[in-house]
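Below: one structure, written as structure tokens.
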Amino acid sequence: MIELEGVPELIDPVMVAAFEGWNDAGDAASTAVGHLDREWKGEVFAALDAEDYYDFQVNRPTVFLEGGVRKITWPTTRLSVARIGGSKPRDLVLVRGIEPSMRWRSFCNEILGFAHELGVEMVVILGALLGDTPHTRPVPVSGVTSDPDLARTMDLEETRYEGPTGIVGILQEACTHAGVPAVSLWAAVPHYVSQPPNPKATLALLNRLEDLIGIRIPLGELPEDARAWQVGVDQLAAEDTEVAEYVQSLEEARDTAELPEASGEAIAREFERYLRRRDGQPGAGPGSPGQPGGHATESGTTSEGREGGRDGSYLRDTSRDTSGGRTRPSKPPSRGDEQDGTDSPNSPDSADPSDSPDPGSGSGSGPATEDE
């Protein structure tokens, strides 16, 4: 049993989690949770023991000076609580850390233990993957779940992915086994400009989160950062004819694929969302009929788009008891690579991004697609 001291009784709490590493292309997901923590002045109430879950030769501690005294910061996962004010206040439990190196089942059990003790109603896990998507178009954001009822009531996609997964997929499945409603939101980051930060993808995740849980998120300078990021990538891509032609081919493929979305129903849905934001009204919230789903964008619009008891016990681990500089876009895949069937650069798990995501390796090392 986890005893929590100093944490007040929470109001309609939702847990929002993100992890640096394999599930975090362009640092988009972890930056989104960091933004929520800063804007709502989250208060840290717990940190997982770094000795239990991290290999310090993979994620090394850092040394710093404070008042002339040397101190060490250990890699870990921290939990904080942020209260959203207004006429209908509610609380967010923010989980931000690094993908653990070991004992993933125990790691998930511990996170679920906190969720149970705090009365969390739903877990939303943010992730980002590399995909064949042009930087000039709205960032695709997929919302997926393993819960058929949740998929139906919240207009989400049921997970169908099979293959390697990261901590986002494992935590979502742990929530499902523990009877905790869980959703994963995945942003697709252009694989040819994968270096962090990617404020456009971060903004898209926050916009989609707004719709999902029915809150208004103060965006601060993110919209301007997203515009500046796109202008910078435009300039760099224009300096390389090969990259510019590749981006144009991605634009044409994207526009053709999304042509059926220009229906009266989709346009009406986007207009309704615009009116809600203009009038200062949040989204309909979890479980509400007609909740928009699919692709959130940097401007806040969406296009139609397409995871036991609450005891925190998922699977027992029997082995134990209990920077924003401008960088040049990567070269697109050569025709020779396309002909021999190899993947694009930095894409060990290349697949169709619309097939529901799971990220590539390292801060998102390839356009893998898992919807967990």
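We name chains A, B, ... following the order of the structure tokens; residues begin at 1 in each chain, and ligands are numbered from 1 as shown.
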### Message
With only C-alpha atoms as the counted atoms, please give the residues lying no more than 12 Å from Pro223 in chain A, apart from itself and same-chain residues fewer than 3 positions off, as a ChimeraX atom specification.
### Response
/A:198-204,206-207,218-220,226-230,297-300
Hey, can you spit out that residue selection with C-alpha atoms as a short mmCIF file (atom, residue, chain, number, x, y, z; two decimals), in the first residue's frame?
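This went into out-v6.cif:
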data_model
loop_
_atom_site.label_atom_id
_atom_site.label_comp_id
_atom_site.auth_asym_id
_atom_site.auth_seq_id
_atom_site.Cartn_x
_atom_site.Cartn_y
_atom_site.Cartn_z
CA ASN A 198 9.35 20.09 -32.10
CA PRO A 199 6.90 22.68 -30.72
CA LYS A 200 4.41 22.01 -33.52
CA ALA A 201 3.99 18.37 -32.44
CA THR A 202 3.85 19.39 -28.76
CA LEU A 203 1.09 21.88 -29.56
CA ALA A 204 -0.87 19.25 -31.48
CA LEU A 206 -1.98 19.57 -26.14
CA ASN A 207 -4.82 20.53 -28.48
CA PRO A 218 -2.97 27.95 -21.66
CA LEU A 219 -0.60 27.64 -24.61
CA GLY A 220 1.75 30.53 -23.84
CA ALA A 226 5.48 26.32 -33.73
CA ARG A 227 5.26 28.93 -36.49
CA ALA A 228 8.93 29.84 -36.10
CA TRP A 229 9.89 26.15 -36.20
CA GLN A 230 8.01 25.63 -39.46
CA THR A 297 -3.29 20.54 -35.32
CA GLU A 298 -1.06 23.39 -34.29
CA SER A 299 -3.97 25.79 -34.76
CA GLY A 300 -6.35 23.83 -32.62
#
Members of range 144-252 of chain A assigned strand (DSSP E) by DSSP, as an MDAnalysis selection string: chainID A and resid 144:145 157:158 182:190
Inset, instruction - Measuring atom to atom with only C-alpha atoms, identify which of A:Asp240, A:Asp91, A:Glu173, A:Glu110 is nearest to Thr77 in chain A. - result: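 Of the candidates, the smallest distance to Thr77 in chain A is held by A:Glu110.
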### Task
Go through A:Asn109, A:Thr153, A:Gln248, A:Asn23 one by one, measure the shortest atom-to-atom distance of each to Ala178 in chain A using only C-alpha atoms, and give the residue with the smallest value.
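Result for the nearest residue to Ala178 in chain A: A:Asn109.
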Which residue out of A:Ala187, A:Phe56, A:Glu51, A:Asp255 has the minimum interatomic distance to Arg103 in chain A when only C-alpha atoms are used?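 With only C-alpha atoms as the atom set, the closest residue is A:Glu51.
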Excluding Ala50 in chain A and its own-chain neighbours fewer than 2 positions away, which residues fall within 7 Å of it when counting only C-alpha atoms? Please give them as a compact mmCIF listing (two decimals) with N, CA and C atoms, in the first residue's frame.
# COMPACT_ATOMS: atom_id res chain seq x y z
N LEU A 48 9.94 8.02 -8.13
CA LEU A 48 10.27 6.60 -8.05
C LEU A 48 11.76 6.42 -7.76
N ASP A 52 15.79 1.24 -8.65
CA ASP A 52 14.94 0.11 -9.01
C ASP A 52 14.75 -0.04 -10.51
N TYR A 53 14.86 1.07 -11.27
CA TYR A 53 14.39 1.01 -12.65
C TYR A 53 15.37 1.50 -13.71
N TYR A 54 16.50 2.08 -13.31
CA TYR A 54 17.37 2.68 -14.32
C TYR A 54 18.77 2.11 -14.30
N TRP A 74 19.59 12.34 -10.10
CA TRP A 74 19.47 10.97 -10.61
C TRP A 74 18.32 10.87 -11.61
N PRO A 75 18.49 10.08 -12.66
CA PRO A 75 17.38 9.87 -13.59
C PRO A 75 16.24 9.15 -12.89
N THR A 76 15.02 9.65 -13.06
CA THR A 76 13.89 9.02 -12.38
C THR A 76 12.59 9.44 -13.04
